[in-house]
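Trainee: See protein-v5.cif below, with mmCIF, C-alpha atoms.
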```cif
data_structure
loop_
_atom_site.label_atom_id
_atom_site.label_comp_id
_atom_site.auth_asym_id
_atom_site.auth_seq_id
_atom_site.Cartn_x
_atom_site.Cartn_y
_atom_site.Cartn_z
CA MET A 82 29.69 -41.74 97.05
CA ARG A 83 27.86 -44.95 96.48
CA LYS A 84 24.55 -43.05 96.37
CA MET A 85 25.84 -40.56 93.84
CA ALA A 86 27.08 -43.34 91.60
CA TYR A 87 23.73 -45.03 91.88
CA ASN A 88 21.93 -41.85 90.87
CA ARG A 89 24.21 -41.35 87.88
CA GLY A 90 23.65 -44.92 86.77
CA ARG A 91 19.92 -44.51 87.12
CA LYS A 92 19.92 -41.32 85.02
CA GLY A 93 21.99 -43.02 82.35
CA ALA A 94 19.55 -45.91 82.19
CA VAL A 95 16.64 -43.51 81.87
CA ALA A 96 18.39 -41.70 79.02
CA THR A 97 19.10 -44.95 77.27
CA VAL A 98 15.48 -46.03 77.62
CA LEU A 99 14.33 -42.69 76.22
CA MET A 100 16.68 -42.97 73.27
CA VAL A 101 15.52 -46.50 72.58
CA ALA A 102 11.91 -45.38 72.84
CA ILE A 103 12.52 -42.53 70.38
CA VAL A 104 14.24 -44.86 67.94
CA VAL A 105 11.38 -47.32 68.24
CA LEU A 106 8.83 -44.56 67.68
CA LEU A 107 10.71 -43.32 64.63
CA LEU A 108 10.93 -46.84 63.30
CA LEU A 109 7.23 -47.38 63.88
CA ALA A 110 6.46 -44.02 62.21
CA TRP A 111 8.59 -45.01 59.25
CA MET A 112 6.82 -48.33 59.04
CA PHE A 113 3.25 -47.11 59.63
CA LEU A 114 3.34 -43.60 58.10
CA PHE A 115 4.10 -42.41 54.58
CA LYS A 116 4.10 -39.00 52.94
CA VAL A 117 2.27 -37.98 49.78
CA ASP A 118 3.83 -35.06 47.92
CA PHE A 119 1.67 -32.65 45.92
CA THR A 120 3.60 -33.49 42.72
CA GLU A 121 2.86 -37.22 42.72
CA HIS A 122 0.24 -39.91 42.62
CA VAL A 123 0.39 -42.73 45.20
CA LEU A 124 -1.14 -46.19 44.97
CA VAL A 125 -1.62 -48.25 48.12
CA ARG A 126 -1.48 -51.97 47.31
CA THR A 127 -2.71 -54.50 49.89
CA PHE A 128 -1.52 -58.05 49.29
CA GLY A 129 -0.69 -57.05 45.70
CA LYS A 130 -4.03 -55.44 44.97
CA THR A 131 -4.54 -51.67 44.73
CA THR A 132 -6.84 -50.58 47.53
CA ALA A 133 -6.31 -46.78 47.56
CA VAL A 134 -5.36 -44.09 45.07
CA LEU A 135 -4.04 -40.81 46.48
CA ASP A 136 -3.69 -37.69 44.34
CA GLY A 137 -1.07 -35.24 45.59
CA ALA A 138 -3.15 -32.25 44.45
CA ASP A 139 -5.86 -33.19 46.98
CA ASP A 140 -4.31 -35.73 49.43
CA ALA A 141 -0.85 -34.30 50.11
CA GLY A 142 0.48 -34.99 53.62
CA LEU A 143 1.01 -37.97 56.02
CA HIS A 144 -1.00 -41.16 55.71
CA VAL A 145 -1.07 -44.47 57.61
CA ARG A 146 -0.33 -47.89 56.17
CA TRP A 147 0.09 -51.41 57.47
CA PRO A 148 3.69 -52.52 57.19
CA PHE A 149 4.48 -55.80 55.47
CA VAL A 150 0.87 -55.87 54.29
CA GLN A 151 0.50 -52.72 52.22
CA GLU A 152 2.90 -51.52 49.55
CA ILE A 153 3.28 -47.93 48.30
CA VAL A 154 3.68 -47.20 44.55
CA ARG A 155 4.52 -43.64 43.53
CA TYR A 156 4.09 -41.94 40.13
CA ASP A 157 5.25 -38.46 39.22
CA ALA A 158 2.23 -36.27 38.45
CA ARG A 159 4.19 -33.57 36.63
CA THR A 160 4.06 -33.03 32.88
CA PHE A 161 6.64 -34.83 30.72
CA ASP A 162 7.48 -34.47 27.07
CA ILE A 163 8.56 -37.03 24.54
CA GLU A 164 9.87 -36.58 21.01
CA ASP A 165 9.11 -38.95 18.21
CA ALA A 166 11.89 -39.90 15.82
CA ALA A 167 11.78 -38.45 12.31
CA ASN A 168 10.22 -40.82 9.82
CA GLU A 169 9.13 -40.54 6.20
CA LEU A 170 5.42 -40.04 5.57
CA THR A 171 3.26 -39.71 2.45
CA THR A 172 0.81 -36.84 2.01
CA LYS A 173 -2.59 -36.99 0.35
CA ASP A 174 -1.14 -35.79 -2.97
CA HIS A 175 1.53 -38.54 -2.84
CA GLN A 176 4.44 -36.35 -1.71
CA ASN A 177 7.03 -37.74 0.70
CA ILE A 178 8.09 -35.75 3.77
CA THR A 179 10.06 -36.41 6.95
CA LEU A 180 8.31 -35.23 10.10
CA THR A 181 9.34 -35.00 13.76
CA THR A 182 6.70 -34.41 16.43
CA PHE A 183 6.68 -33.93 20.20
CA CYS A 184 4.07 -34.60 22.84
CA ALA A 185 3.49 -33.23 26.37
CA TRP A 186 1.72 -35.66 28.72
CA ARG A 187 1.05 -36.44 32.37
CA ILE A 188 -0.52 -39.29 34.32
CA LYS A 189 -4.21 -38.63 34.89
CA ASN A 190 -5.36 -42.03 36.16
CA PRO A 191 -2.51 -43.84 37.94
CA LEU A 192 -4.47 -47.07 38.36
CA THR A 193 -5.12 -47.38 34.62
CA PHE A 194 -1.52 -46.42 33.92
CA GLN A 195 -0.24 -49.11 36.30
CA THR A 196 -2.44 -51.73 34.72
CA ALA A 197 -1.29 -50.76 31.22
CA VAL A 198 2.44 -50.78 31.84
CA LYS A 199 2.40 -53.87 34.12
CA ASP A 200 5.73 -52.94 35.65
CA ILE A 201 6.18 -51.49 39.17
CA SER A 202 9.81 -52.31 39.78
CA GLY A 203 12.37 -49.56 40.21
CA GLY A 204 10.29 -46.76 38.79
CA SER A 205 10.58 -47.88 35.17
CA GLU A 206 6.84 -47.31 34.66
CA GLN A 207 7.47 -43.81 33.32
CA LYS A 208 9.78 -45.08 30.57
CA ALA A 209 7.42 -47.88 29.70
CA GLY A 210 4.55 -45.39 29.46
CA GLN A 211 6.59 -43.10 27.22
CA GLU A 212 7.23 -45.90 24.76
CA LEU A 213 3.54 -46.73 24.63
CA ILE A 214 2.62 -43.08 23.99
CA ARG A 215 5.36 -42.76 21.34
CA THR A 216 3.91 -45.74 19.48
CA LYS A 217 0.43 -44.18 19.52
CA LEU A 218 1.84 -40.82 18.40
CA ARG A 219 3.63 -42.38 15.43
CA SER A 220 0.42 -44.10 14.34
CA ALA A 221 -1.66 -40.90 14.68
CA LYS A 222 0.97 -38.92 12.78
CA GLY A 223 0.82 -41.18 9.73
CA SER A 224 -2.99 -41.14 9.73
CA VAL A 225 -3.36 -37.35 10.01
CA ILE A 226 -0.63 -36.43 7.50
CA GLY A 227 -2.21 -38.76 4.96
CA GLN A 228 -5.32 -36.54 5.00
CA HIS A 229 -3.48 -33.34 3.94
CA ASN A 230 -1.71 -32.15 0.82
CA MET A 231 1.84 -30.90 0.70
CA ALA A 232 0.55 -27.30 0.30
CA ASP A 233 -0.97 -27.51 3.80
CA LEU A 234 2.52 -27.98 5.25
CA VAL A 235 4.79 -26.06 2.85
CA ASN A 236 3.45 -22.98 1.12
CA THR A 237 4.62 -19.50 0.20
CA GLU A 238 1.29 -18.10 1.40
CA ALA A 239 0.97 -18.23 5.18
CA SER A 240 -2.84 -18.15 4.99
CA ARG A 241 -2.88 -21.48 3.13
CA MET A 242 -0.70 -23.34 5.63
CA GLN A 243 -2.55 -25.54 8.15
CA ILE A 244 0.16 -26.39 10.68
CA ALA A 245 -2.00 -25.41 13.66
CA GLN A 246 -4.95 -27.45 12.38
CA ILE A 247 -2.73 -30.48 11.80
CA GLU A 248 -1.32 -30.26 15.33
CA LYS A 249 -4.86 -30.08 16.75
CA GLN A 250 -5.88 -33.12 14.73
CA LEU A 251 -2.85 -35.01 16.04
CA LYS A 252 -3.77 -34.15 19.62
CA ASP A 253 -7.42 -35.11 19.13
CA ALA A 254 -6.46 -38.41 17.52
CA LEU A 255 -4.02 -39.23 20.33
CA ALA A 256 -5.59 -37.79 23.50
CA ALA A 257 -8.78 -39.85 23.75
CA GLU A 258 -7.02 -43.11 22.93
CA VAL A 259 -4.13 -42.81 25.40
CA LEU A 260 -6.46 -41.57 28.16
CA ARG A 261 -8.68 -44.59 27.69
CA ASP A 262 -5.89 -47.16 27.33
CA TYR A 263 -3.12 -45.76 29.55
CA GLY A 264 -4.77 -43.22 31.86
CA VAL A 265 -2.52 -40.50 30.40
CA GLU A 266 -3.63 -36.95 29.59
CA VAL A 267 -2.05 -35.36 26.49
CA THR A 268 -1.75 -31.61 26.98
CA MET A 269 0.01 -30.69 23.74
CA VAL A 270 1.14 -32.16 20.42
CA GLY A 271 3.33 -30.17 18.02
CA ILE A 272 5.45 -30.45 14.90
CA LYS A 273 9.13 -29.93 15.66
CA THR A 274 10.83 -30.39 12.28
CA LEU A 275 9.65 -30.82 8.72
CA GLY A 276 11.97 -32.02 6.02
CA LEU A 277 11.82 -33.13 2.44
CA PRO A 278 13.75 -35.84 0.64
CA GLU A 279 16.13 -34.53 -2.01
CA SER A 280 13.96 -35.68 -4.91
CA VAL A 281 10.88 -34.07 -3.39
CA SER A 282 12.81 -30.87 -2.65
CA GLU A 283 13.67 -30.48 -6.32
CA LYS A 284 10.02 -30.99 -7.29
CA VAL A 285 8.84 -28.51 -4.69
CA ILE A 286 11.35 -25.89 -5.82
CA ALA A 287 10.37 -26.40 -9.47
CA SER A 288 6.69 -26.12 -8.54
CA MET A 289 7.33 -22.94 -6.57
CA LYS A 290 9.24 -21.43 -9.50
CA ALA A 291 6.41 -22.27 -11.89
CA GLU A 292 3.87 -20.77 -9.49
CA ARG A 293 5.94 -17.60 -9.17
CA GLN A 294 6.26 -17.36 -12.95
CA ARG A 295 2.50 -17.68 -13.33
CA GLU A 296 1.94 -14.96 -10.78
CA ALA A 297 4.51 -12.74 -12.50
CA SER A 298 2.77 -13.29 -15.85
CA ASN A 299 -0.58 -12.41 -14.30
CA TYR A 300 0.84 -9.23 -12.80
CA ALA A 301 2.50 -8.32 -16.12
CA SER A 302 -0.75 -8.86 -18.03
CA ALA A 303 -2.69 -6.80 -15.52
CA GLY A 304 -0.07 -4.04 -15.73
CA GLN A 305 -0.19 -3.99 -19.52
CA ALA A 306 -3.97 -3.80 -19.48
CA GLN A 307 -3.87 -0.90 -17.03
CA ALA A 308 -1.17 0.85 -19.05
CA MET A 309 -3.23 0.50 -22.24
CA ALA A 310 -6.30 1.87 -20.48
CA ILE A 311 -4.29 4.82 -19.15
CA ARG A 312 -2.85 5.54 -22.61
CA GLU A 313 -6.31 5.42 -24.17
CA ARG A 314 -7.70 7.80 -21.55
CA ALA A 315 -4.72 10.12 -22.02
CA LYS A 316 -5.12 10.04 -25.82
CA GLU A 317 -8.82 10.80 -25.56
CA SER A 318 -8.18 13.65 -23.13
CA ALA A 319 -5.40 15.04 -25.35
CA GLU A 320 -7.69 14.97 -28.39
CA GLN A 321 -10.42 16.79 -26.46
CA ILE A 322 -7.98 19.40 -25.17
CA LEU A 323 -6.43 19.87 -28.64
CA ALA A 324 -9.85 20.23 -30.26
CA PHE A 325 -10.84 22.81 -27.65
CA ALA A 326 -7.52 24.66 -28.11
CA ASN A 327 -7.89 24.68 -31.91
CA ARG A 328 -11.44 25.98 -31.65
CA LYS A 329 -10.38 28.65 -29.19
CA ALA A 330 -7.39 29.58 -31.37
CA GLY A 331 -9.69 29.90 -34.38
CA GLU A 332 -11.96 32.23 -32.44
CA ILE A 333 -9.01 34.32 -31.25
CA ARG A 334 -7.55 34.38 -34.80
CA ALA A 335 -10.88 35.53 -36.21
CA GLU A 336 -11.09 38.29 -33.61
CA GLY A 337 -7.50 39.31 -34.42
CA ASP A 338 -8.18 39.35 -38.15
CA ALA A 339 -11.22 41.55 -37.59
CA ALA A 340 -9.24 43.94 -35.39
CA ALA A 341 -6.33 43.91 -37.87
CA ALA A 342 -8.68 44.74 -40.73
CA VAL A 343 -9.79 47.85 -38.89
CA GLN A 344 -6.17 48.87 -38.24
CA TYR A 345 -5.12 48.10 -41.82
CA ALA A 346 -7.81 50.46 -43.06
CA LYS A 347 -6.47 53.19 -40.82
CA PHE A 348 -2.84 52.46 -41.79
CA GLU A 349 -3.76 52.52 -45.46
CA ALA A 350 -5.09 56.03 -44.97
CA ASN A 351 -1.69 57.11 -43.58
CA TRP A 352 1.09 54.88 -44.87
CA GLN A 353 3.76 56.99 -43.20
CA LEU A 354 2.42 56.14 -39.71
CA ALA A 355 2.34 52.44 -40.66
CA ALA A 356 5.93 52.57 -41.83
CA PHE A 357 6.94 54.36 -38.64
CA LEU A 358 5.24 51.77 -36.39
CA ARG A 359 6.79 48.88 -38.34
CA SER A 360 10.18 50.47 -37.97
CA LEU A 361 9.70 50.73 -34.18
CA GLU A 362 8.61 47.09 -33.98
CA SER A 363 11.62 46.02 -36.05
CA LEU A 364 13.94 47.97 -33.76
CA LYS A 365 12.41 46.32 -30.65
CA LYS A 366 13.13 42.87 -32.03
CA GLU A 367 16.60 43.63 -33.40
CA LEU A 368 17.87 45.60 -30.39
CA GLN A 369 16.66 43.36 -27.50
CA GLY A 370 20.17 42.48 -26.27
CA ARG A 371 22.20 44.79 -24.09
CA SER A 372 24.96 45.29 -26.66
CA ILE A 373 26.39 48.10 -28.70
CA PHE A 374 25.51 47.93 -32.40
CA LEU A 375 26.73 49.89 -35.39
CA LEU A 376 23.54 50.42 -37.35
CA ASP A 377 23.77 50.18 -41.12
CA ALA A 378 20.90 51.65 -43.04
CA THR A 379 21.54 49.20 -45.87
CA ALA A 380 20.97 46.24 -43.52
CA ILE A 381 18.29 47.75 -41.23
CA PRO A 382 15.76 49.81 -43.17
CA ALA A 383 14.48 51.45 -39.97
CA VAL A 384 17.79 53.33 -39.59
CA GLY A 385 17.42 54.91 -42.97
CA TYR A 386 13.89 55.92 -42.05
CA PHE A 387 15.06 57.88 -39.01
CA ARG A 388 17.84 59.59 -40.96
CA HIS A 389 16.21 60.42 -44.30
CA GLY A 390 12.51 59.89 -43.79
CA PRO A 391 10.33 57.42 -45.70
CA SER A 392 10.36 57.08 -49.43
CA LEU A 393 7.09 57.19 -51.23
CA PRO A 394 5.65 53.71 -51.81
CA LYS A 395 3.90 52.74 -54.93
CA ALA A 396 0.25 53.45 -55.07
CA GLY A 397 -1.93 50.86 -53.31
CA THR A 398 0.95 49.12 -51.47
CA MET A 399 1.97 48.98 -47.79
CA ASP A 400 5.56 47.88 -48.32
CA THR A 401 8.27 49.15 -46.01
CA PRO A 402 10.25 51.97 -47.64
CA ALA A 403 13.55 50.98 -49.17
CA PRO A 404 16.77 52.24 -47.58
CA MET A 405 17.81 55.73 -48.61
CA GLY A 406 21.43 55.11 -49.45
CA PRO A 407 24.60 54.18 -47.61
CA PRO A 408 25.03 55.12 -43.94
CA ALA A 409 26.38 58.50 -43.18
CA PRO A 410 29.88 58.81 -41.76
CA VAL A 411 30.33 59.23 -38.04
CA GLY A 412 29.85 62.84 -37.08
CA PRO A 413 27.12 65.43 -37.14
CA ALA A 414 24.43 64.77 -39.69
CA PRO A 415 24.45 67.18 -42.69
CA ALA A 416 21.83 69.80 -42.85
CA VAL A 417 18.89 69.07 -45.10
CA LYS A 418 17.50 71.94 -47.07
CA ALA A 419 13.80 72.37 -46.64
CA PRO A 420 11.60 72.69 -49.75
CA ALA A 421 10.74 76.17 -50.90
CA ALA A 422 7.07 75.70 -50.19
CA ASP A 423 7.85 74.93 -46.54
CA ALA A 424 10.68 77.44 -46.06
CA ALA A 425 8.68 79.45 -43.62
CA LYS A 426 8.37 76.45 -41.28
CA GLY A 427 11.06 75.31 -38.91
CA PRO A 428 13.26 72.27 -39.66
CA ALA A 429 11.68 70.23 -36.85
CA GLU A 430 8.22 70.73 -38.26
CA ASN A 431 9.33 69.69 -41.74
CA ASN A 432 11.03 66.43 -40.58
CA VAL A 433 8.35 65.08 -38.14
CA PRO A 434 5.49 63.24 -39.89
CA LYS A 435 2.01 64.22 -38.99
CA ALA A 436 -0.33 61.77 -37.28
CA PRO A 437 -3.24 60.57 -39.42
CA ALA A 438 -6.64 61.98 -38.84
CA GLY A 439 -8.54 60.12 -36.18
CA LEU A 440 -5.38 58.62 -34.56
CA GLY A 441 -4.15 61.59 -32.60
CA ASN A 442 -3.52 61.49 -28.87
#
```
For the structure just supplied, provide its representation as structure tokens.
Mentor:
Amino acid sequence: MRKMAYNRGRKGAVATVLMVAIVVLLLLAWMFLFKVDFTEHVLVRTFGKTTAVLDGADDAGLHVRWPFVQEIVRYDARTFDIEDAANELTTKDHQNITLTTFCAWRIKNPLTFQTAVKDISGGSEQKAGQELIRTKLRSAKGSVIGQHNMADLVNTEASRMQIAQIEKQLKDALAAEVLRDYGVEVTMVGIKTLGLPESVSEKVIASMKAERQREASNYASAGQAQAMAIRERAKESAEQILAFANRKAGEIRAEGDAAAAVQYAKFEANWQLAAFLRSLESLKKELQGRSIFLLDATAIPAVGYFRHGPSLPKAGTMDTPAPMGPPAPVGPAPAVKAPAADAAKGPAENNVPKAPAGLGN
């Protein structure tokens, strides 16, 4: 029993020694080792003086230090952004605007940054650095905006606006200075808001209206000039077409007169055929509609021609024969007695006029 108790006591002592040894090793590791993360910069200070600079992008992992002699200072290597407060600025053409900008930055040289901020207590270096960068940004903003007119910032034509160029100028004016003085790399500078005081807004609106009115006047003048040119071309073309049509009509009229003269000579030789053809033409014009008409020989001479035949015109005239009396009553037409000289001929042969010589078939 006594031996068993002794063995248990011995094992317990060994376990205690092991636990103490592990605790001591962990304490020593905590005191002598430190970790560098890939998202941070680490400064090793020996007796208050920086003796090593570790960049997490290249030196991530465990490193050794001397406790109570060396001090570790950590800086976040990620990119931060700051926003400058809106303030009123004056452009090159003496217009007032309110501008808000933002800046993206990260620590590039932690030793220069530490020297510039002169504060390593409690991690307030980042805030101190932001205030320094904000001051530089405000100064660069006033300098760059003073080199541009209002039209470069506010314009109805996108091609005339120079926002991108102004942002690049702001970055160029800020980047080299803060890198040299603070060890900070500026990755981006941009314009967040752009405002106008009320008095300037009224002037800008009035200027834009005047510009639009000038453009409208220019477009109206150009349209009137084009319309006048089109009218002149149309008038010239119409005159040419009309002259050609009149010339062509004269030629056609001359040809018609020549052809009519030939026909008139033939009609004059046989006035009965001419009267017959005129009567047919008159009937075509007067009976074009699909209606029923009661034909009156006193109103339509052609009717009298078909009933009684033509009357003899005066010598040397081609007038249409006059009507041969009132219309006959409805019913069969009365028989007409043929002349004695033509008694041997049939009634149909006596009433049908003969075709003139040369116009048959």
Trainee: Using the chain letters and numbering of this document, enumerate as a PyMOL selection string the residues selected by the PyMOL selection byres ((chain A and resi 166-171) around 12).
Mentor: chain A and resi 163-165+172-184+212+215-216+218-231+272-278+281
Trainee: Apply the PyMOL selection byres ((chain A and resi 132) around 12) to the file shown and report the selected residues as a list in words.
Mentor: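 Written out, the selection comes to Val123, Leu124, Val125, Arg126, Thr127, Phe128, Gly129, Lys130, Thr131, Ala133, Val134, Leu135, Arg146, Val150, Gln151, Glu152, Ile153, Val154 and Leu192 of chain A.
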Trainee: Leaving out Lys252 of chain A and any residue of its chain fewer than 6 positions from it, which residues lie within 8 Å of it when counting all atoms listed in the file, given as JSON, numbers by chain?
Mentor: {"A": [267, 269, 270]}
Trainee: Rounded to one decimal place, report the atom CA of Val198 of chain A-atom CA of Gly210 of chain A distance in Å.
Mentor: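 Interatomic distance here is 6.3 Å.
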Trainee: Counting only C-alpha atoms, which residues sit no farther than 9 Å from the position (3.9, -31.6, 45.9) in the file's frame? I'd like them as a list in words.
Mentor: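 Residues with an atom at most 9 Å from (3.9, -31.6, 45.9): Val117, Asp118, Phe119, Thr120, Glu121, Gly137, Ala138, Ala141 and Ala158 of chain A.
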Trainee: Could you complete segment 111-134 of chain A so that it carries N, CA and C atoms, and give it back as a compact mmCIF listing (two decimals), in the frame of the given file?
Mentor:
```txt
# COMPACT_ATOMS: atom_id res chain seq x y z
N TRP A 111 8.13 -44.71 60.60
CA TRP A 111 8.59 -45.01 59.25
C TRP A 111 7.85 -46.19 58.66
N MET A 112 7.50 -47.13 59.52
CA MET A 112 6.82 -48.33 59.04
C MET A 112 5.33 -48.08 58.82
N PHE A 113 4.69 -47.28 59.68
CA PHE A 113 3.25 -47.11 59.63
C PHE A 113 2.80 -45.83 58.90
N LEU A 114 3.70 -44.86 58.74
CA LEU A 114 3.34 -43.60 58.10
C LEU A 114 4.08 -43.44 56.77
N PHE A 115 3.44 -42.76 55.83
CA PHE A 115 4.10 -42.41 54.58
C PHE A 115 3.59 -41.04 54.14
N LYS A 116 4.40 -40.37 53.37
CA LYS A 116 4.10 -39.00 52.94
C LYS A 116 3.69 -38.99 51.47
N VAL A 117 2.71 -38.20 51.16
CA VAL A 117 2.27 -37.98 49.78
C VAL A 117 2.61 -36.55 49.39
N ASP A 118 3.45 -36.40 48.38
CA ASP A 118 3.83 -35.06 47.92
C ASP A 118 2.79 -34.55 46.92
N PHE A 119 2.69 -33.21 46.81
CA PHE A 119 1.67 -32.65 45.92
C PHE A 119 2.01 -32.83 44.44
N THR A 120 3.21 -33.29 44.12
CA THR A 120 3.60 -33.49 42.72
C THR A 120 3.57 -34.97 42.32
N GLU A 121 2.84 -35.79 43.04
CA GLU A 121 2.86 -37.22 42.72
C GLU A 121 1.50 -37.86 42.99
N HIS A 122 1.36 -39.03 42.34
CA HIS A 122 0.24 -39.91 42.62
C HIS A 122 0.77 -41.10 43.42
N VAL A 123 -0.03 -41.60 44.35
CA VAL A 123 0.39 -42.73 45.20
C VAL A 123 -0.69 -43.80 45.16
N LEU A 124 -0.25 -45.03 44.91
CA LEU A 124 -1.14 -46.19 44.97
C LEU A 124 -0.80 -47.01 46.21
N VAL A 125 -1.80 -47.37 46.95
CA VAL A 125 -1.62 -48.25 48.12
C VAL A 125 -2.09 -49.64 47.73
N ARG A 126 -1.16 -50.60 47.73
CA ARG A 126 -1.48 -51.97 47.31
C ARG A 126 -1.49 -52.87 48.55
N THR A 127 -2.57 -53.57 48.76
CA THR A 127 -2.71 -54.50 49.89
C THR A 127 -2.72 -55.92 49.35
N PHE A 128 -1.71 -56.68 49.77
CA PHE A 128 -1.52 -58.05 49.29
C PHE A 128 -1.52 -58.09 47.74
N GLY A 129 -0.85 -57.08 47.14
CA GLY A 129 -0.69 -57.05 45.70
C GLY A 129 -1.85 -56.46 44.94
N LYS A 130 -2.88 -56.01 45.62
CA LYS A 130 -4.03 -55.44 44.97
C LYS A 130 -4.18 -53.99 45.41
N THR A 131 -4.42 -53.09 44.43
CA THR A 131 -4.54 -51.67 44.73
C THR A 131 -5.84 -51.42 45.49
N THR A 132 -5.68 -50.86 46.69
CA THR A 132 -6.84 -50.58 47.53
C THR A 132 -7.09 -49.09 47.74
N ALA A 133 -6.12 -48.23 47.39
CA ALA A 133 -6.31 -46.78 47.56
C ALA A 133 -5.47 -46.04 46.52
N VAL A 134 -6.04 -44.96 46.02
CA VAL A 134 -5.36 -44.09 45.07
C VAL A 134 -5.36 -42.68 45.64
```
